$ cat coords_28.pdb   # PDB, C-alpha atoms
ATOM      1  CA  MET A   1       0.000   0.000   0.000
ATOM      2  CA  THR A   2       1.416   3.398  -1.033
ATOM      3  CA  PRO A   3       1.867   5.740   1.970
ATOM      4  CA  ALA A   4      -0.152   8.972   1.910
ATOM      5  CA  GLN A   5       1.739  12.032   0.766
ATOM      6  CA  PRO A   6       2.252  14.691   3.492
ATOM      7  CA  HIS A   7       0.308  17.917   3.183
ATOM      8  CA  ILE A   8       2.526  20.825   2.141
ATOM      9  CA  ALA A   9       1.272  24.277   3.063
ATOM     10  CA  LYS A  10       1.882  27.272   0.819
ATOM     11  CA  LEU A  11       4.828  29.502   1.657
ATOM     12  CA  PRO A  12       3.875  33.002   2.881
ATOM     13  CA  VAL A  13       5.481  35.033   0.071
ATOM     14  CA  ASN A  14       4.086  34.414  -3.408
ATOM     15  CA  VAL A  15       6.629  34.469  -6.246
ATOM     16  CA  ARG A  16       5.512  34.427  -9.870
ATOM     17  CA  PRO A  17       7.470  32.139 -12.228
ATOM     18  CA  GLN A  18       8.894  33.893 -15.262
ATOM     19  CA  LEU A  19       8.348  32.376 -18.678
ATOM     20  CA  GLY A  20      11.393  30.404 -19.773
ATOM     21  CA  GLU A  21      13.331  30.301 -16.487
ATOM     22  CA  THR A  22      14.597  27.043 -15.069
ATOM     23  CA  ILE A  23      13.011  25.269 -12.141
ATOM     24  CA  ASP A  24      16.219  25.809 -10.113
ATOM     25  CA  SER A  25      16.131  29.549 -10.774
ATOM     26  CA  TYR A  26      12.508  29.725  -9.648
ATOM     27  CA  ILE A  27      13.261  27.748  -6.467
ATOM     28  CA  ARG A  28      16.117  30.118  -5.605
ATOM     29  CA  ARG A  29      13.859  33.156  -5.990
ATOM     30  CA  LEU A  30      11.053  31.493  -4.031
ATOM     31  CA  ALA A  31      13.432  30.490  -1.228
ATOM     32  CA  ARG A  32      15.061  33.902  -0.860
ATOM     33  CA  ALA A  33      11.711  35.687  -0.889
ATOM     34  CA  ASN A  34      10.714  33.493   2.069
ATOM     35  CA  HIS A  35      14.063  33.844   3.922
ATOM     36  CA  LEU A  36      15.129  30.282   3.243
ATOM     37  CA  LYS A  37      18.342  28.842   1.887
ATOM     38  CA  PRO A  38      17.802  27.727  -1.732
ATOM     39  CA  SER A  39      19.637  24.454  -1.084
ATOM     40  CA  TYR A  40      17.272  23.524   1.734
ATOM     41  CA  LEU A  41      14.099  24.331  -0.200
ATOM     42  CA  HIS A  42      15.460  22.407  -3.194
ATOM     43  CA  CYS A  43      16.161  19.346  -1.016
ATOM     44  CA  PHE A  44      12.731  19.563   0.595
ATOM     45  CA  LEU A  45      10.998  19.728  -2.781
ATOM     46  CA  CYS A  46      12.972  16.719  -4.033
ATOM     47  CA  GLY A  47      12.354  14.543  -1.004
ATOM     48  CA  PRO A  48      14.098  11.223  -0.328
ATOM     49  CA  PRO A  49      16.118   9.468  -1.489
ATOM     50  CA  PHE A  50      17.590  11.901  -4.061
ATOM     51  CA  TRP A  51      17.690  15.143  -2.088
ATOM     52  CA  GLN A  52      19.829  16.968  -4.672
ATOM     53  CA  GLY A  53      17.932  15.597  -7.669
ATOM     54  CA  LYS A  54      15.058  17.094  -9.640
ATOM     55  CA  PRO A  55      12.335  18.739  -7.517
ATOM     56  CA  LYS A  56       8.906  17.118  -7.684
ATOM     57  CA  ILE A  57       6.468  19.359  -9.524
ATOM     58  CA  GLU A  58       3.555  18.515  -7.194
ATOM     59  CA  ARG A  59       5.576  19.530  -4.117
ATOM     60  CA  LEU A  60       6.693  22.764  -5.775
ATOM     61  CA  ALA A  61       3.093  23.506  -6.768
ATOM     62  CA  ALA A  62       1.923  23.107  -3.177
ATOM     63  CA  ALA A  63       4.741  25.200  -1.674
ATOM     64  CA  SER A  64       4.477  27.999  -4.257
ATOM     65  CA  GLY A  65       0.683  28.142  -4.415
ATOM     66  CA  ARG A  66       0.842  27.755  -8.195
ATOM     67  CA  SER A  67      -0.805  24.900 -10.026
ATOM     68  CA  ALA A  68       1.362  22.246 -11.661
ATOM     69  CA  GLU A  69      -0.075  23.299 -15.033
ATOM     70  CA  VAL A  70       1.041  26.912 -14.539
ATOM     71  CA  LEU A  71       4.543  25.819 -13.533
ATOM     72  CA  GLN A  72       4.841  23.441 -16.474
ATOM     73  CA  HIS A  73       3.743  26.219 -18.829
ATOM     74  CA  ALA A  74       6.374  28.654 -17.536
ATOM     75  CA  LEU A  75       9.338  26.440 -16.588
ATOM     76  CA  PRO A  76      10.824  24.536 -19.551
ATOM     77  CA  ASP A  77      12.411  21.793 -17.435
ATOM     78  CA  ALA A  78       9.475  21.249 -15.061
ATOM     79  CA  THR A  79       8.238  18.353 -17.209
ATOM     80  CA  SER A  80      10.301  15.507 -18.619
ATOM     81  CA  PRO A  81      10.601  15.439 -22.440
ATOM     82  CA  ARG A  82       8.652  12.161 -22.739
ATOM     83  CA  ASP A  83       5.640  13.773 -21.008
ATOM     84  CA  ARG A  84       5.480  16.780 -23.321
ATOM     85  CA  GLY A  85       3.086  16.871 -26.222
ATOM     86  CA  LYS A  86       4.446  17.163 -29.758
ATOM     87  CA  PRO A  87       4.200  20.615 -31.375
ATOM     88  CA  ASN A  88       1.335  20.995 -33.847
ATOM     89  CA  PRO A  89       1.975  22.047 -37.499
ATOM     90  CA  ASP A  90       1.383  25.732 -36.712
ATOM     91  CA  ALA A  91       3.970  25.589 -33.954
ATOM     92  CA  LEU A  92       6.470  23.846 -36.224
ATOM     93  CA  ARG A  93       6.090  26.638 -38.786
ATOM     94  CA  LEU A  94       7.034  29.158 -36.087
ATOM     95  CA  HIS A  95      10.410  27.441 -35.809
ATOM     96  CA  GLN A  96      11.164  28.681 -39.329
ATOM     97  CA  HIS A  97      10.013  32.254 -38.715
ATOM     98  CA  GLU A  98      12.329  34.684 -40.511
ATOM     99  CA  ALA A  99      12.836  36.712 -37.313
ATOM    100  CA  LEU A 100      14.397  33.620 -35.693
ATOM    101  CA  THR A 101      16.523  32.410 -38.603
ATOM    102  CA  ARG A 102      18.053  35.535 -40.109
ATOM    103  CA  HIS A 103      21.826  35.497 -40.750
ATOM    104  CA  GLY A 104      21.759  31.706 -40.401
ATOM    105  CA  VAL A 105      21.645  31.886 -36.586
ATOM    106  CA  ASP A 106      19.055  30.016 -34.519
ATOM    107  CA  LEU A 107      17.914  32.866 -32.287
ATOM    108  CA  ALA A 108      15.551  30.563 -30.384
ATOM    109  CA  VAL A 109      18.551  29.072 -28.567
ATOM    110  CA  LEU A 110      19.836  32.512 -27.559
ATOM    111  CA  ILE A 111      16.397  33.670 -26.426
ATOM    112  CA  GLN A 112      15.938  30.579 -24.264
ATOM    113  CA  HIS A 113      19.402  31.027 -22.786
ATOM    114  CA  ASP A 114      18.685  34.638 -21.769
ATOM    115  CA  ALA A 115      15.490  33.569 -19.971
ATOM    116  CA  LEU A 116      17.004  30.739 -17.912
ATOM    117  CA  ASP A 117      17.828  32.692 -14.747
ATOM    118  CA  ALA A 118      14.930  35.204 -14.922
ATOM    119  CA  SER A 119      17.387  38.118 -15.088
ATOM    120  CA  MET A 120      15.936  39.534 -18.330
ATOM    121  CA  PRO A 121      12.244  40.349 -18.834
ATOM    122  CA  ILE A 122      10.473  39.532 -22.087
ATOM    123  CA  ARG A 123      10.765  43.112 -23.349
ATOM    124  CA  ALA A 124      14.536  43.202 -22.790
ATOM    125  CA  ILE A 125      15.021  39.909 -24.627
ATOM    126  CA  SER A 126      12.845  41.181 -27.471
ATOM    127  CA  GLU A 127      14.956  44.328 -27.807
ATOM    128  CA  GLU A 128      18.245  42.434 -27.479
ATOM    129  CA  TRP A 129      17.537  40.123 -30.433
ATOM    130  CA  GLU A 130      15.091  42.318 -32.345
ATOM    131  CA  VAL A 131      12.380  39.675 -32.173
ATOM    132  CA  PRO A 132       8.732  40.656 -31.507
ATOM    133  CA  GLU A 133       7.574  40.119 -27.915
ATOM    134  CA  TRP A 134       4.780  37.777 -29.025
ATOM    135  CA  LEU A 135       7.312  35.538 -30.743
ATOM    136  CA  VAL A 136       9.662  35.609 -27.744
ATOM    137  CA  ARG A 137       6.782  34.360 -25.600
ATOM    138  CA  ARG A 138       6.126  31.548 -28.051
ATOM    139  CA  VAL A 139       9.794  30.544 -28.034
ATOM    140  CA  LEU A 140       9.735  30.396 -24.231
ATOM    141  CA  THR A 141       6.583  28.252 -24.086
ATOM    142  CA  PRO A 142       7.692  24.594 -23.657
ATOM    143  CA  SER A 143       4.634  23.162 -25.404
ATOM    144  CA  ILE A 144       5.533  25.104 -28.566
ATOM    145  CA  PHE A 145       9.335  25.106 -28.593
ATOM    146  CA  PRO A 146      11.441  22.295 -27.102
ATOM    147  CA  GLU A 147      14.075  23.236 -24.528
ATOM    148  CA  LEU A 148      17.239  23.735 -26.534
ATOM    149  CA  SER A 149      19.673  24.966 -23.904
ATOM    150  CA  THR A 150      18.266  24.187 -20.440
ATOM    151  CA  ARG A 151      19.688  20.676 -20.155
ATOM    152  CA  ARG A 152      23.187  21.772 -21.100
ATOM    153  CA  ARG A 153      23.030  24.642 -18.593
ATOM    154  CA  ARG A 154      21.768  22.344 -15.817
ATOM    155  CA  ASN A 155      24.554  19.768 -16.117
ATOM    156  CA  SER A 156      27.588  21.781 -17.188
ATOM    157  CA  LEU A 157      29.969  24.148 -15.439
ATOM    158  CA  ASP A 158      31.674  27.121 -17.070
ATOM    159  CA  ALA A 159      35.365  27.824 -16.566
ATOM    160  CA  GLU A 160      34.763  30.245 -13.682
ATOM    161  CA  THR A 161      32.588  27.766 -11.784
ATOM    162  CA  LYS A 162      35.030  24.918 -12.399
ATOM    163  CA  GLY A 163      37.686  27.113 -10.791
ATOM    164  CA  LEU A 164      35.454  27.641  -7.760
ATOM    165  CA  VAL A 165      34.851  23.901  -7.485
ATOM    166  CA  THR A 166      38.578  23.150  -7.754
ATOM    167  CA  ASN A 167      39.286  25.549  -4.871
ATOM    168  CA  MET A 168      36.551  23.944  -2.762
ATOM    169  CA  ILE A 169      37.969  20.484  -3.439
ATOM    170  CA  ALA A 170      41.388  21.747  -2.328
ATOM    171  CA  LYS A 171      39.774  22.818   0.965
ATOM    172  CA  GLY A 172      38.563  19.261   1.504
ATOM    173  CA  MET A 173      34.879  19.975   0.837
ATOM    174  CA  GLY A 174      32.710  17.042  -0.231
ATOM    175  CA  ALA A 175      30.252  16.914  -3.109
ATOM    176  CA  THR A 176      27.203  17.812  -0.974
ATOM    177  CA  GLU A 177      29.019  20.751   0.640
ATOM    178  CA  ILE A 178      30.117  22.052  -2.763
ATOM    179  CA  TRP A 179      26.605  21.613  -4.218
ATOM    180  CA  THR A 180      25.166  23.582  -1.286
ATOM    181  CA  GLU A 181      27.742  26.368  -1.583
ATOM    182  CA  LEU A 182      27.148  26.723  -5.325
ATOM    183  CA  MET A 183      23.372  26.823  -4.873
ATOM    184  CA  ASP A 184      23.267  29.254  -1.938
ATOM    185  CA  THR A 185      26.199  31.593  -2.550
ATOM    186  CA  HIS A 186      26.837  31.513  -6.292
ATOM    187  CA  SER A 187      23.335  30.765  -7.681
ATOM    188  CA  VAL A 188      24.758  27.890  -9.694
ATOM    189  CA  SER A 189      22.902  24.632 -10.295
ATOM    190  CA  THR A 190      24.614  21.396 -11.224
ATOM    191  CA  SER A 191      24.227  17.697 -10.567
ATOM    192  CA  LEU A 192      25.707  16.048  -7.504
ATOM    193  CA  ALA A 193      27.027  13.254  -9.700
ATOM    194  CA  LEU A 194      29.028  15.701 -11.839
ATOM    195  CA  LEU A 195      30.648  17.125  -8.705
ATOM    196  CA  GLN A 196      31.483  13.628  -7.475
ATOM    197  CA  ILE A 197      33.161  12.871 -10.804
ATOM    198  CA  GLN A 198      35.205  16.084 -10.639
ATOM    199  CA  ILE A 199      36.309  15.314  -7.068
ATOM    200  CA  ARG A 200      37.338  11.786  -8.042
ATOM    201  CA  ASP A 201      39.246  12.905 -11.137
ATOM    202  CA  THR A 202      40.939  15.761  -9.265
ATOM    203  CA  ASN A 203      42.127  13.340  -6.587
ATOM    204  CA  ARG A 204      43.398  10.974  -9.278
ATOM    205  CA  GLN A 205      45.407  13.781 -10.861
ATOM    206  CA  HIS A 206      47.225  14.327  -7.565
ATOM    207  CA  THR A 207      48.156  10.649  -7.317
ATOM    208  CA  ASP A 208      48.682   9.944 -11.036
ATOM    209  CA  PRO A 209      49.662  12.944 -13.244
ATOM    210  CA  THR A 210      49.261  10.801 -16.393
ATOM    211  CA  SER A 211      45.512  10.533 -15.721
ATOM    212  CA  HIS A 212      44.883  14.219 -16.565
ATOM    213  CA  GLU A 213      43.857  13.560 -20.165
ATOM    214  CA  THR A 214      41.431  10.821 -19.091
ATOM    215  CA  ALA A 215      39.937  13.098 -16.416
ATOM    216  CA  VAL A 216      39.322  15.888 -18.927
ATOM    217  CA  THR A 217      37.601  13.453 -21.300
ATOM    218  CA  ARG A 218      35.338  12.092 -18.569
ATOM    219  CA  ALA A 219      34.424  15.578 -17.335
ATOM    220  CA  THR A 220      33.538  16.631 -20.892
ATOM    221  CA  VAL A 221      31.263  13.620 -21.331
ATOM    222  CA  ALA A 222      29.637  14.266 -17.939
ATOM    223  CA  ASP A 223      28.899  17.890 -18.896
ATOM    224  CA  GLY A 224      26.466  16.817 -21.586
ATOM    225  CA  THR A 225      24.894  13.837 -19.856
ATOM    226  CA  ARG A 226      21.967  13.906 -17.444
ATOM    227  CA  THR A 227      22.809  11.823 -14.402
ATOM    228  CA  THR A 228      21.040  10.489 -11.354
ATOM    229  CA  HIS A 229      21.576  12.452  -8.172
ATOM    230  CA  GLY A 230      21.980  10.975  -4.729
ATOM    231  CA  SER A 231      23.045  11.595  -1.114
ATOM    232  CA  GLU A 232      20.981  13.071   1.637
ATOM    233  CA  CYS A 233      20.655  16.786   2.158
ATOM    234  CA  GLY A 234      23.300  17.798   4.672
ATOM    235  CA  GLY A 235      22.421  19.519   7.910
ATOM    236  CA  ALA A 236      24.491  22.572   6.988
ATOM    237  CA  SER A 237      22.239  23.247   3.995
ATOM    238  CA  ARG A 238      19.204  23.401   6.257
ATOM    239  CA  ARG A 239      20.393  26.277   8.415
ATOM    240  CA  GLY A 240      19.653  29.879   7.611
ATOM    241  CA  SER A 241      17.429  32.797   8.564
ATOM    242  CA  GLY A 242      14.467  30.438   8.239
ATOM    243  CA  HIS A 243      13.769  26.763   7.776
ATOM    244  CA  LEU A 244      10.960  24.540   6.601
ATOM    245  CA  SER A 245       9.246  21.988   8.769
ATOM    246  CA  THR A 246       6.677  19.341   7.867
ATOM    247  CA  ASP A 247       5.564  19.342  11.521
ATOM    248  CA  PRO A 248       4.903  16.464  10.684
ATOM    249  CA  VAL A 249       2.490  16.880   7.796
ATOM    250  CA  SER A 250       2.675  20.557   6.850
ATOM    251  CA  ILE A 251       5.259  23.028   5.680
ATOM    252  CA  SER A 252       5.725  26.338   7.424
ATOM    253  CA  VAL A 253       8.348  29.037   7.983
ATOM    254  CA  HIS A 254      10.033  29.522  11.351
ATOM    255  CA  GLN A 255      12.610  32.119  12.326
ATOM    256  CA  CYS A 256      15.777  30.714  13.827
ATOM    257  CA  PRO A 257      16.898  32.223  17.126
TER     258      PRO A 257
END
$ encode --input "coords_28.pdb" --output "structure tokens"
Amino acid sequence: MTPAQPHIAKLPVNVRPQLGETIDSYIRRLARANHLKPSYLHCFLCGPPFWQGKPKIERLAAASGRSAEVLQHALPDATSPRDRGKPNPDALRLHQHEALTRHGVDLAVLIQHDALDASMPIRAISEEWEVPEWLVRRVLTPSIFPELSTRRRRNSLDAETKGLVTNMIAKGMGATEIWTELMDTHSVSTSLALLQIQIRDTNRQHTDPTSHETAVTRATVADGTRTTHGSECGGASRRGSGHLSTDPVSISVHQCP
């Protein structure tokens, strides 16, 4: 018999998801608006056993006060690709719109990239790429355009972030500690598995200098591959100006002394 799911109460501060942003970006904004650490809210929304994995849409819907349908409409990675409907012929024709294909560049990819962290409103993106606002909205609607850049962003680290991770490894930090630090301090999302691979390969480089080429190859492959996340959410990631409690079957905000 499947155990009943705990009731999750809505967080006090309502945060509206922006069209085209990632689920991790939305969770960070929702957490900070409610005086929570993003890493803790992320872990809570994932639940066991994969605390650093992909948040469950039904838990996010309950905590945010937004329906799952609204979240899936706005957040391109809120639904798995196999659960998305196929674009209709009218939508497919939009992919070839001259405003998106001029100069031989696929502007849809660039538009989606600019929307990932909710730092640019629709109007700003429209002006940046000289694409009408109505078309920008269509590009950022998952049911019309597939996500072209979200997966790569979610599982890869740029050179600056890789440098941060290398320094954290040198300090003896583990994968969960690094994941928490990236989420809370640097607003960076990545998979726990990718961090574990980088830690392993970095340690191998110290013991076997000839393994550097192999480590680079493995890290490159990991950047483009979605992996399964594991490990429990550490206690350090649960401390902050506020914390969530199921108590035992509801979610609420408490101020820490």
$ closest_residue --input "coords_28.pdb" --among "A:Leu30, A:Val165, A:Ala193, A:Leu19" --to "A:Ile111" --atoms "only C-alpha atoms"
A:Leu19
$ closest_residue --input "coords_28.pdb" --among "A:His73, A:Lys10, A:Arg138, A:Arg93" --to "A:Ile23" --atoms "only C-alpha atoms"
A:His73
$ atom_distance --input "coords_28.pdb" --atom1 "atom CA of A:His95" --atom2 "atom CA of A:Leu135"
10.0 Å
$ atom_distance --input "coords_28.pdb" --atom1 "atom CA of A:Leu71" --atom2 "atom CA of A:Pro17"
7.1 Å
$ resolve_selection --input "coords_28.pdb" --expression "the PyMOL selection byres ((chain A and resi 24) around 12)" --output "PyMOL selection string"
chain A and resi 17+20-23+25-31+38-39+41-43+45-46+52-57+60+75-78+116-118+150-151+153-155+182-184+187-191
